[in-house]
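Pasting protein.cif here (mmCIF, C-alpha atoms and all ligand atoms):
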data_structure
loop_
_atom_site.label_atom_id
_atom_site.label_comp_id
_atom_site.auth_asym_id
_atom_site.auth_seq_id
_atom_site.Cartn_x
_atom_site.Cartn_y
_atom_site.Cartn_z
CA MET A 1 5.57 -7.03 -29.71
CA ALA A 2 7.27 -5.38 -32.69
CA ASP A 3 4.56 -2.73 -33.14
CA LYS A 4 4.60 -1.65 -29.49
CA LYS A 5 7.07 0.67 -27.76
CA PRO A 6 9.73 -1.04 -25.61
CA LEU A 7 8.70 -1.76 -22.06
CA SER A 8 10.37 0.21 -19.26
CA GLY A 9 12.68 -1.87 -17.14
CA TYR A 10 12.60 -5.05 -19.26
CA ARG A 11 15.56 -6.61 -21.08
CA LYS A 12 16.31 -9.91 -22.78
CA ASP A 13 19.56 -11.69 -22.03
CA LYS A 14 20.40 -14.96 -23.82
CA GLY A 15 16.73 -15.52 -24.53
CA VAL A 16 15.69 -14.93 -20.91
CA LEU A 17 13.45 -11.97 -20.02
CA TRP A 18 14.33 -9.90 -16.94
CA ILE A 19 12.84 -6.85 -15.31
CA SER A 20 15.08 -4.49 -13.39
CA SER A 21 13.95 -2.24 -10.59
CA TYR A 22 16.53 0.54 -10.21
CA VAL A 23 16.67 2.54 -7.01
CA GLY A 24 18.56 5.73 -7.84
CA ASN A 25 19.06 6.81 -4.22
CA ALA A 26 20.77 3.55 -3.30
CA ARG A 27 22.43 2.94 -6.70
CA VAL A 28 20.93 -0.53 -6.49
CA LYS A 29 19.30 -2.62 -9.18
CA MET A 30 17.16 -5.67 -8.41
CA ASP A 31 16.60 -8.07 -11.32
CA TYR A 32 13.59 -10.37 -11.48
CA LYS A 33 13.69 -13.33 -13.88
CA ILE A 34 10.45 -13.49 -15.87
CA LYS A 35 8.87 -16.82 -16.80
CA ALA A 36 6.17 -15.24 -18.98
CA LEU A 37 5.04 -11.75 -19.89
CA LEU A 38 1.27 -12.24 -19.63
CA HIS A 39 0.09 -8.78 -20.63
CA TYR A 40 1.29 -5.26 -21.19
CA GLU A 41 -0.26 -1.99 -22.26
CA GLN A 42 0.02 1.74 -21.89
CA SER A 43 -3.07 3.03 -20.07
CA PRO A 44 -3.88 6.77 -20.01
CA PHE A 45 -2.05 6.88 -16.66
CA GLN A 46 0.85 4.42 -16.76
CA GLU A 47 2.50 1.43 -18.36
CA ILE A 48 0.93 -1.71 -16.89
CA SER A 49 2.30 -5.21 -17.19
CA ILE A 50 1.47 -8.52 -15.61
CA VAL A 51 4.19 -11.15 -15.47
CA ASP A 52 4.66 -14.65 -14.17
CA THR A 53 7.86 -15.46 -12.28
CA LYS A 54 9.27 -18.52 -10.56
CA GLY A 55 10.47 -16.57 -7.53
CA PHE A 56 7.40 -14.45 -6.74
CA GLY A 57 4.48 -15.91 -8.71
CA LYS A 58 2.42 -13.42 -10.72
CA MET A 59 3.30 -9.74 -10.38
CA LEU A 60 1.67 -6.41 -11.17
CA VAL A 61 4.29 -4.06 -12.64
CA LEU A 62 3.59 -0.33 -13.12
CA ASP A 63 5.99 1.85 -15.15
CA GLY A 64 8.63 -0.88 -14.82
CA THR A 65 8.35 -1.17 -11.00
CA PRO A 66 6.98 -4.38 -9.42
CA GLN A 67 4.11 -3.44 -7.08
CA VAL A 68 2.77 -6.67 -5.63
CA SER A 69 3.21 -10.41 -6.15
CA THR A 70 0.96 -13.37 -5.49
CA GLY A 71 3.90 -15.07 -3.71
CA GLU A 72 4.54 -12.54 -0.95
CA GLY A 73 1.87 -9.83 -1.32
CA PHE A 74 0.26 -11.08 1.88
CA ILE A 75 3.04 -9.42 3.92
CA TYR A 76 2.45 -5.89 2.63
CA ASN A 77 -1.34 -6.32 2.49
CA GLU A 78 -1.59 -7.57 6.07
CA MET A 79 0.77 -4.96 7.48
CA ILE A 80 -0.92 -1.96 5.89
CA SER A 81 -4.42 -3.10 6.88
CA HIS A 82 -4.58 -5.08 10.14
CA ILE A 83 -2.50 -2.60 12.15
CA PRO A 84 -4.82 0.42 11.66
CA ILE A 85 -7.96 -1.76 11.78
CA VAL A 86 -6.96 -3.32 15.10
CA THR A 87 -5.81 0.05 16.47
CA HIS A 88 -9.37 1.38 16.11
CA PRO A 89 -11.62 -0.40 18.66
CA ASN A 90 -14.72 -0.52 16.44
CA PRO A 91 -14.15 0.45 12.80
CA LYS A 92 -17.25 0.52 10.60
CA LYS A 93 -16.18 2.53 7.56
CA VAL A 94 -12.84 1.80 5.95
CA ALA A 95 -11.31 3.17 2.74
CA MET A 96 -8.08 2.90 0.85
CA ILE A 97 -6.45 5.12 -1.74
CA GLY A 98 -4.32 3.26 -4.31
CA GLY A 99 -6.23 0.07 -4.97
CA GLY A 100 -3.92 -1.97 -7.22
CA ASP A 101 -4.82 -5.61 -6.68
CA CYS A 102 -7.01 -4.57 -3.68
CA GLY A 103 -5.10 -6.80 -1.24
CA PRO A 104 -5.69 -4.53 1.80
CA ALA A 105 -9.44 -4.54 1.01
CA ARG A 106 -9.46 -8.35 1.09
CA GLU A 107 -7.81 -8.19 4.52
CA ALA A 108 -10.44 -5.69 5.74
CA MET A 109 -13.18 -8.12 4.63
CA LYS A 110 -11.99 -10.52 7.35
CA TYR A 111 -13.45 -8.20 10.04
CA LYS A 112 -17.18 -8.84 10.47
CA GLY A 113 -17.77 -5.51 12.25
CA ILE A 114 -16.66 -3.48 9.23
CA GLU A 115 -19.71 -2.31 7.27
CA GLN A 116 -18.20 -0.39 4.37
CA ILE A 117 -14.98 -0.90 2.39
CA ASP A 118 -14.30 1.71 -0.32
CA VAL A 119 -11.31 1.37 -2.64
CA VAL A 120 -10.19 4.42 -4.62
CA GLU A 121 -8.02 3.60 -7.65
CA LEU A 122 -7.01 6.10 -10.31
CA ASP A 123 -6.63 3.63 -13.16
CA PRO A 124 -9.58 1.36 -14.13
CA ARG A 125 -7.25 -0.75 -16.30
CA VAL A 126 -5.21 -1.72 -13.21
CA THR A 127 -8.41 -3.03 -11.60
CA GLU A 128 -9.48 -4.90 -14.73
CA LEU A 129 -6.10 -6.53 -15.30
CA CYS A 130 -5.67 -7.50 -11.65
CA ARG A 131 -9.14 -9.13 -11.77
CA LYS A 132 -8.14 -11.02 -14.92
CA TRP A 133 -4.68 -12.20 -13.89
CA LEU A 134 -4.23 -11.94 -10.12
CA THR A 135 -7.36 -12.00 -7.97
CA PRO A 136 -10.66 -12.91 -9.69
CA ASN A 137 -13.91 -10.99 -9.28
CA SER A 138 -15.38 -13.82 -7.20
CA TYR A 139 -13.39 -12.52 -4.20
CA TYR A 140 -15.44 -9.34 -4.16
CA GLU A 141 -18.81 -9.89 -5.81
CA ASN A 142 -20.38 -11.64 -2.83
CA ASP A 143 -19.26 -9.01 -0.34
CA GLN A 144 -21.82 -6.20 -0.40
CA ARG A 145 -19.55 -3.99 1.75
CA PHE A 146 -16.99 -3.56 -1.03
CA THR A 147 -17.15 -0.62 -3.50
CA MET A 148 -14.60 0.23 -6.17
CA ILE A 149 -14.27 3.95 -6.94
CA HIS A 150 -12.25 4.93 -10.02
CA ARG A 151 -11.17 8.43 -9.09
CA ASP A 152 -8.06 10.40 -8.31
CA GLY A 153 -7.58 9.87 -4.56
CA TYR A 154 -6.29 13.41 -4.12
CA GLU A 155 -9.55 14.88 -5.41
CA TRP A 156 -11.80 12.23 -3.84
CA ILE A 157 -10.48 12.75 -0.31
CA GLN A 158 -11.34 16.46 -0.43
CA GLU A 159 -15.04 15.52 -0.65
CA GLN A 160 -14.91 13.25 2.42
CA LYS A 161 -15.47 15.00 5.73
CA GLY A 162 -15.30 13.13 9.04
CA LYS A 163 -16.42 9.95 7.30
CA TYR A 164 -13.97 7.07 7.70
CA ASP A 165 -12.83 5.26 10.86
CA VAL A 166 -9.80 3.85 9.06
CA LEU A 167 -8.01 5.07 5.94
CA MET A 168 -5.08 3.33 4.23
CA ILE A 169 -2.93 5.31 1.84
CA ASP A 170 -1.31 2.73 -0.42
CA ARG A 171 0.37 5.30 -2.65
CA PRO A 172 3.06 4.57 -5.24
CA ASP A 173 6.46 6.31 -5.29
CA PRO A 174 6.26 10.13 -5.39
CA VAL A 175 6.45 10.49 -9.18
CA GLY A 176 3.91 11.60 -11.80
CA GLN A 177 0.23 11.33 -10.77
CA ALA A 178 1.20 10.19 -7.29
CA LYS A 179 3.33 13.23 -6.34
CA LYS A 180 0.35 15.09 -4.91
CA LEU A 181 -0.29 12.19 -2.50
CA PHE A 182 2.84 13.42 -0.67
CA SER A 183 1.87 17.12 -0.46
CA SER A 184 1.04 18.82 2.85
CA ASP A 185 -2.50 19.70 1.74
CA PHE A 186 -3.15 16.02 1.02
CA TYR A 187 -2.25 15.12 4.63
CA LYS A 188 -4.69 17.80 5.82
CA SER A 189 -7.48 16.44 3.59
CA VAL A 190 -6.84 12.96 4.98
CA TYR A 191 -7.09 14.36 8.53
CA ASP A 192 -10.42 15.98 7.66
CA GLY A 193 -11.68 12.83 5.91
CA ILE A 194 -11.57 10.62 8.98
CA THR A 195 -13.82 10.59 12.04
CA ASP A 196 -12.98 12.34 15.34
CA ASP A 197 -11.32 9.13 16.53
CA GLY A 198 -10.12 7.98 13.11
CA VAL A 199 -6.89 6.22 12.24
CA VAL A 200 -4.86 6.46 9.03
CA VAL A 201 -1.81 4.64 7.72
CA PHE A 202 0.60 5.65 4.94
CA GLN A 203 3.22 3.55 3.25
CA SER A 204 6.27 5.70 4.00
CA GLY A 205 9.03 4.12 1.91
CA SER A 206 12.32 2.40 2.64
CA PRO A 207 13.79 3.78 5.86
CA TYR A 208 17.22 3.31 4.26
CA TYR A 209 16.95 4.88 0.82
CA ASN A 210 13.65 6.82 0.91
CA VAL A 211 14.62 8.78 4.01
CA SER A 212 13.09 12.02 2.72
CA THR A 213 9.75 10.22 2.16
CA LEU A 214 9.75 8.86 5.70
CA LYS A 215 10.81 12.24 7.15
CA GLY A 216 8.17 14.13 5.16
CA THR A 217 5.43 11.69 6.17
CA VAL A 218 6.24 11.86 9.88
CA LYS A 219 6.73 15.64 9.78
CA ASN A 220 3.43 16.35 8.03
CA LEU A 221 1.44 13.93 10.19
CA SER A 222 2.99 15.19 13.45
CA LYS A 223 1.69 18.69 12.70
CA LEU A 224 -1.87 17.34 12.60
CA PHE A 225 -2.21 14.23 14.77
CA PRO A 226 -1.48 13.68 18.49
CA ILE A 227 -0.32 10.09 17.86
CA VAL A 228 2.12 9.26 15.05
CA LYS A 229 4.11 6.02 14.98
CA THR A 230 6.26 4.31 12.37
CA TYR A 231 6.47 0.54 12.04
CA LEU A 232 8.44 -1.79 9.80
CA ALA A 233 8.02 -4.95 7.75
CA THR A 234 10.28 -6.92 5.45
CA ILE A 235 8.90 -7.05 1.91
CA PRO A 236 10.95 -9.51 -0.21
CA LEU A 237 9.73 -7.97 -3.50
CA PHE A 238 11.15 -4.52 -2.78
CA PRO A 239 14.85 -3.73 -3.26
CA CYS A 240 16.69 -4.03 0.10
CA GLY A 241 13.53 -5.52 1.64
CA LEU A 242 12.97 -3.29 4.67
CA TRP A 243 9.88 -1.06 4.41
CA SER A 244 8.17 1.51 6.62
CA PHE A 245 4.55 2.39 7.32
CA THR A 246 3.46 5.36 9.42
CA ILE A 247 0.21 5.31 11.36
CA ALA A 248 -1.46 8.49 12.64
CA SER A 249 -4.38 8.54 15.02
CA LYS A 250 -6.63 11.18 16.58
CA LYS A 251 -7.31 9.16 19.73
CA TRP A 252 -6.24 5.49 19.74
CA ASP A 253 -2.63 4.48 20.40
CA PRO A 254 -1.62 1.38 18.41
CA LEU A 255 0.55 0.25 21.31
CA GLU A 256 -2.56 0.07 23.53
CA ALA A 257 -4.67 -1.77 20.95
CA ASN A 258 -6.45 -5.04 21.66
CA ILE A 259 -4.03 -7.20 19.69
CA ASN A 260 -5.88 -10.38 20.71
CA LYS A 261 -8.24 -9.54 17.85
CA LEU A 262 -5.47 -10.87 15.59
CA GLN A 263 -5.37 -14.26 17.26
CA HIS A 264 -8.33 -15.61 15.30
CA GLN A 265 -7.65 -13.92 11.99
CA ASP A 266 -6.73 -15.97 8.97
CA THR A 267 -3.30 -14.36 8.30
CA GLN A 268 0.09 -15.57 7.12
CA TYR A 269 2.39 -12.83 8.46
CA ILE A 270 0.84 -10.75 11.19
CA SER A 271 0.25 -12.10 14.69
CA PRO A 272 -0.18 -10.26 18.01
CA GLU A 273 3.60 -10.55 18.50
CA ILE A 274 4.41 -9.18 15.02
CA PHE A 275 1.97 -6.29 15.61
CA THR A 276 3.86 -5.20 18.73
CA SER A 277 7.39 -5.93 17.52
CA SER A 278 6.94 -4.08 14.22
CA PHE A 279 6.92 -0.81 16.23
CA VAL A 280 10.37 -1.57 17.69
CA LEU A 281 12.66 0.51 15.48
CA PRO A 282 16.40 0.13 14.91
CA LYS A 283 18.19 3.13 16.41
CA TYR A 284 19.03 4.67 13.02
CA VAL A 285 15.33 4.64 12.04
CA GLU A 286 14.24 5.91 15.45
CA LYS A 287 16.60 8.84 14.98
CA ILE A 288 15.00 9.76 11.62
CA VAL A 289 11.50 9.49 13.08
CA GLU A 290 12.31 11.46 16.24
CA ALA A 291 14.04 14.25 14.32
CA SER A 292 11.03 14.53 11.99
CA SER A 293 8.38 14.67 14.71
CA GLU A 294 9.91 17.60 16.63
N1 LIG B 301 -0.36 -2.85 -2.66
C1 LIG B 301 -1.10 -2.63 -3.90
C2 LIG B 301 -1.56 -3.92 -4.49
O1 LIG B 301 -1.82 -4.84 -3.73
O2 LIG B 301 -1.71 -4.01 -5.71
C3 LIG B 301 -0.27 -1.83 -4.84
C4 LIG B 301 -0.78 -0.46 -4.90
S1 LIG B 301 0.25 0.53 -5.86
C5 LIG B 301 1.51 0.95 -4.66
C6 LIG B 301 -0.52 2.02 -5.97
C7 LIG B 301 -1.78 2.14 -6.82
O3 LIG B 301 -2.20 3.50 -6.71
C8 LIG B 301 -1.63 1.86 -8.31
O4 LIG B 301 -2.57 0.89 -8.67
C9 LIG B 301 -1.93 3.21 -8.99
O5 LIG B 301 -2.65 3.09 -10.20
C10 LIG B 301 -2.75 3.92 -7.94
N2 LIG B 301 -2.66 5.39 -7.94
C11 LIG B 301 -1.64 6.18 -8.36
N3 LIG B 301 -1.96 7.48 -8.18
C12 LIG B 301 -3.21 7.50 -7.64
C13 LIG B 301 -4.09 8.55 -7.26
N4 LIG B 301 -3.76 9.82 -7.39
N5 LIG B 301 -5.30 8.20 -6.74
C14 LIG B 301 -5.67 6.90 -6.60
N6 LIG B 301 -4.86 5.87 -6.97
C15 LIG B 301 -3.65 6.17 -7.47
#

Hey, can you dump this file as structure tokens for me?
Amino acid sequence: MADKKPLSGYRKDKGVLWISSYVGNARVKMDYKIKALLHYEQSPFQEISIVDTKGFGKMLVLDGTPQVSTGEGFIYNEMISHIPIVTHPNPKKVAMIGGGDCGPAREAMKYKGIEQIDVVELDPRVTELCRKWLTPNSYYENDQRFTMIHRDGYEWIQEQKGKYDVLMIDRPDPVGQAKKLFSSDFYKSVYDGITDDGVVVFQSGSPYYNVSTLKGTVKNLSKLFPIVKTYLATIPLFPCGLWSFTIASKKWDPLEANINKLQHQDTQYISPEIFTSSFVLPKYVEKIVEASSE
């Protein structure tokens, strides 16, 4: 390690390696104890590391921020994918921007009616390292519906017109390359990229300490879509735990969806009851959402 630059977020204390995720807005630091640093490198886009931990299993860490873990990644992956997929009555073409370990794509594969699953990921090294350490190629190679596209999602979406029934925007925090995934023209390109009855979901940050992200997401989407709804999930990996997603739809209301479709799915977090209850917002979150949709 001596010939490489120090890793963001990591520190050694009495021989034990830790990674710290600092949330400036909340003045909160969450420390994760590392069992083994399996790999790290600086790609042309970001610093990528893969670690093993006792608490969360293996984790993908980008620029010092844990993104997903094998221990609890099912929660985030199920909540960003099943809700828009079930909201649309008959989705055939599905895409996601921000591939990472491709967890939402694996959830989409559980729906037989889906014919095309496109994953747009900026950084090919993220895909390669996730295949090596987290989820092997064998999960994808037998599913002809799955295509990996190594492109900038901001540019890619501008070439898609009325194409996708369901889009999932699994964007990182609004820094660096990802900033443009929060701009108003990006929301418009997403609107144009889906079908006339298409559905899209965005991860919209912590409703406690990323309030401006949640507000901006709801505000931008409300200018374009007749139906915009925020829902919540608890993600143990993320500091403070509570996380928001915002779904926008041209025609289908998630609260009128056929949630029985979830009854037979092989899931660990989402159920018909979780689908419905995740849209019940605490009053302080409801206030943020309502004020942003006016
Ligand atoms: N939930 C994911 C998982 O299961 O791994 C984590 C996805 S992570 C929040 C976001 C991903 O988006 C990263 O892999 C990053 O390389 C990618 N990304 C960042 N900017 C992007 C862009 N402009 N277009 C496409 N992908 C981008």

Atomic distance atom CA of Glu121 of chain A - atom CA of Ser278 of chain A, expressed in Å with one decimal: 27.6 Å

For the contact check between chain A and ligand LIG 301 (chain B), emit one row per residue of chain A within 8 Å, containing the shortest atom pair and the distance in Å rounded to one decimal, counting all atoms listed in the file, chain then rising number order, as CSV.
residue,atom,partner,partner_atom,distance
A:Phe45,CA,B:LIG301,O5,7.5
A:Gln46,CA,B:LIG301,O5,7.6
A:Leu60,CA,B:LIG301,O2,6.9
A:Leu62,CA,B:LIG301,C8,7.4
A:Gln67,CA,B:LIG301,C3,5.2
A:Val68,CA,B:LIG301,O2,5.2
A:Ser69,CA,B:LIG301,O1,7.9
A:Gly73,CA,B:LIG301,O1,6.7
A:Tyr76,CA,B:LIG301,N1,6.7
A:Asn77,CA,B:LIG301,N1,6.3
A:Ile97,CA,B:LIG301,C14,5.2
A:Gly98,CA,B:LIG301,O3,3.2
A:Gly99,CA,B:LIG301,C7,5.2
A:Gly100,CA,B:LIG301,O2,3.4
A:Asp101,CA,B:LIG301,O2,3.6
A:Cys102,CA,B:LIG301,O1,5.2
A:Gly103,CA,B:LIG301,O1,4.6
A:Pro104,CA,B:LIG301,O1,6.8
A:Val120,CA,B:LIG301,C14,5.5
A:Glu121,CA,B:LIG301,N6,3.9
A:Leu122,CA,B:LIG301,N6,4.0
A:Asp123,CA,B:LIG301,O5,5.0
A:Val126,CA,B:LIG301,O4,5.9
A:Thr127,CA,B:LIG301,O4,7.6
A:Cys130,CA,B:LIG301,O2,7.9
A:His150,CA,B:LIG301,C14,7.7
A:Arg151,CA,B:LIG301,C14,6.2
A:Asp152,CA,B:LIG301,N5,3.9
A:Gly153,CA,B:LIG301,N5,3.6
A:Tyr154,CA,B:LIG301,N4,5.5
A:Glu155,CA,B:LIG301,N4,7.9
A:Asp170,CA,B:LIG301,C5,5.4
A:Arg171,CA,B:LIG301,C6,4.8
A:Pro172,CA,B:LIG301,C5,4.0
A:Asp173,CA,B:LIG301,C5,7.3
A:Gln177,CA,B:LIG301,N3,5.1
A:Ala178,CA,B:LIG301,N3,4.3
A:Lys179,CA,B:LIG301,N4,7.9
A:Lys180,CA,B:LIG301,N4,7.1
A:Leu181,CA,B:LIG301,N4,6.4

Pairwise distance for atom CA of His88 of chain A and atom CA of Ile288 of chain A, rounded to one decimal in Å: 26.2 Å

Neighbour list for Gln268 of chain A as a PyMOL selection string, cut-off 12 Å, only C-alpha atoms, skip fewer than 3 positions in-chain: chain A and resi 71-79+82+107+262-265+271+274

I need the residues from that last selection saved to file as a CSV table (one decimal), in the frame of the given file (with C-alpha atoms), if you can.
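Written out: again_27.csv:
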chain,number,residue,atom,x,y,z
A,71,GLY,CA,3.9,-15.1,-3.7
A,72,GLU,CA,4.5,-12.5,-1.0
A,73,GLY,CA,1.9,-9.8,-1.3
A,74,PHE,CA,0.3,-11.1,1.9
A,75,ILE,CA,3.0,-9.4,3.9
A,76,TYR,CA,2.4,-5.9,2.6
A,77,ASN,CA,-1.3,-6.3,2.5
A,78,GLU,CA,-1.6,-7.6,6.1
A,79,MET,CA,0.8,-5.0,7.5
A,82,HIS,CA,-4.6,-5.1,10.1
A,107,GLU,CA,-7.8,-8.2,4.5
A,262,LEU,CA,-5.5,-10.9,15.6
A,263,GLN,CA,-5.4,-14.3,17.3
A,264,HIS,CA,-8.3,-15.6,15.3
A,265,GLN,CA,-7.6,-13.9,12.0
A,271,SER,CA,0.2,-12.1,14.7
A,274,ILE,CA,4.4,-9.2,15.0

Test item: residues at most 7 Å from Ala233 of chain A, all atoms listed in the file, excluding those fewer than 2 positions along its chain, as a ChimeraX atom specification: /A:235,242-244,278

Taking the block above, write segment 234-281 of chain A with C-alpha atoms as a tab-separated table (two decimals), in the first residue's frame.
chain	number	residue	atom	x	y	z
A	234	THR	CA	-34.84	2.13	6.33
A	235	ILE	CA	-31.38	1.38	4.95
A	236	PRO	CA	-29.07	0.22	7.78
A	237	LEU	CA	-25.90	1.00	5.77
A	238	PHE	CA	-26.67	4.71	5.40
A	239	PRO	CA	-26.03	7.18	8.24
A	240	CYS	CA	-29.27	7.78	10.21
A	241	GLY	CA	-30.92	4.94	8.25
A	242	LEU	CA	-34.06	6.62	6.88
A	243	TRP	CA	-34.04	7.08	3.09
A	244	SER	CA	-36.43	8.50	0.51
A	245	PHE	CA	-37.35	7.53	-3.04
A	246	THR	CA	-39.61	9.59	-5.28
A	247	ILE	CA	-41.72	7.97	-7.98
A	248	ALA	CA	-43.20	9.95	-10.88
A	249	SER	CA	-45.74	8.58	-13.31
A	250	LYS	CA	-47.51	9.80	-16.45
A	251	LYS	CA	-50.62	7.68	-15.87
A	252	TRP	CA	-50.43	4.98	-13.17
A	253	ASP	CA	-50.86	5.82	-9.49
A	254	PRO	CA	-48.71	3.60	-7.24
A	255	LEU	CA	-51.44	3.64	-4.62
A	256	GLU	CA	-53.82	1.97	-7.11
A	257	ALA	CA	-51.29	-0.64	-8.24
A	258	ASN	CA	-51.98	-4.37	-8.19
A	259	ILE	CA	-49.80	-5.08	-5.16
A	260	ASN	CA	-50.80	-8.77	-5.19
A	261	LYS	CA	-48.10	-9.15	-7.84
A	262	LEU	CA	-45.65	-8.97	-4.92
A	263	GLN	CA	-47.19	-11.90	-3.11
A	264	HIS	CA	-45.34	-14.50	-5.17
A	265	GLN	CA	-42.06	-12.67	-5.60
A	266	ASP	CA	-38.92	-14.00	-4.01
A	267	THR	CA	-38.14	-10.94	-1.82
A	268	GLN	CA	-36.73	-10.36	1.66
A	269	TYR	CA	-38.05	-6.86	2.44
A	270	ILE	CA	-40.93	-5.80	0.26
A	271	SER	CA	-44.40	-7.29	0.62
A	272	PRO	CA	-47.81	-5.91	-0.43
A	273	GLU	CA	-48.09	-4.34	3.05
A	274	ILE	CA	-44.63	-2.73	2.88
A	275	PHE	CA	-45.45	-1.37	-0.60
A	276	THR	CA	-48.49	0.47	0.73
A	277	SER	CA	-47.08	1.53	4.08
A	278	SER	CA	-43.88	2.96	2.60
A	279	PHE	CA	-46.00	5.80	1.14
A	280	VAL	CA	-47.24	6.79	4.62
A	281	LEU	CA	-45.00	9.73	5.48
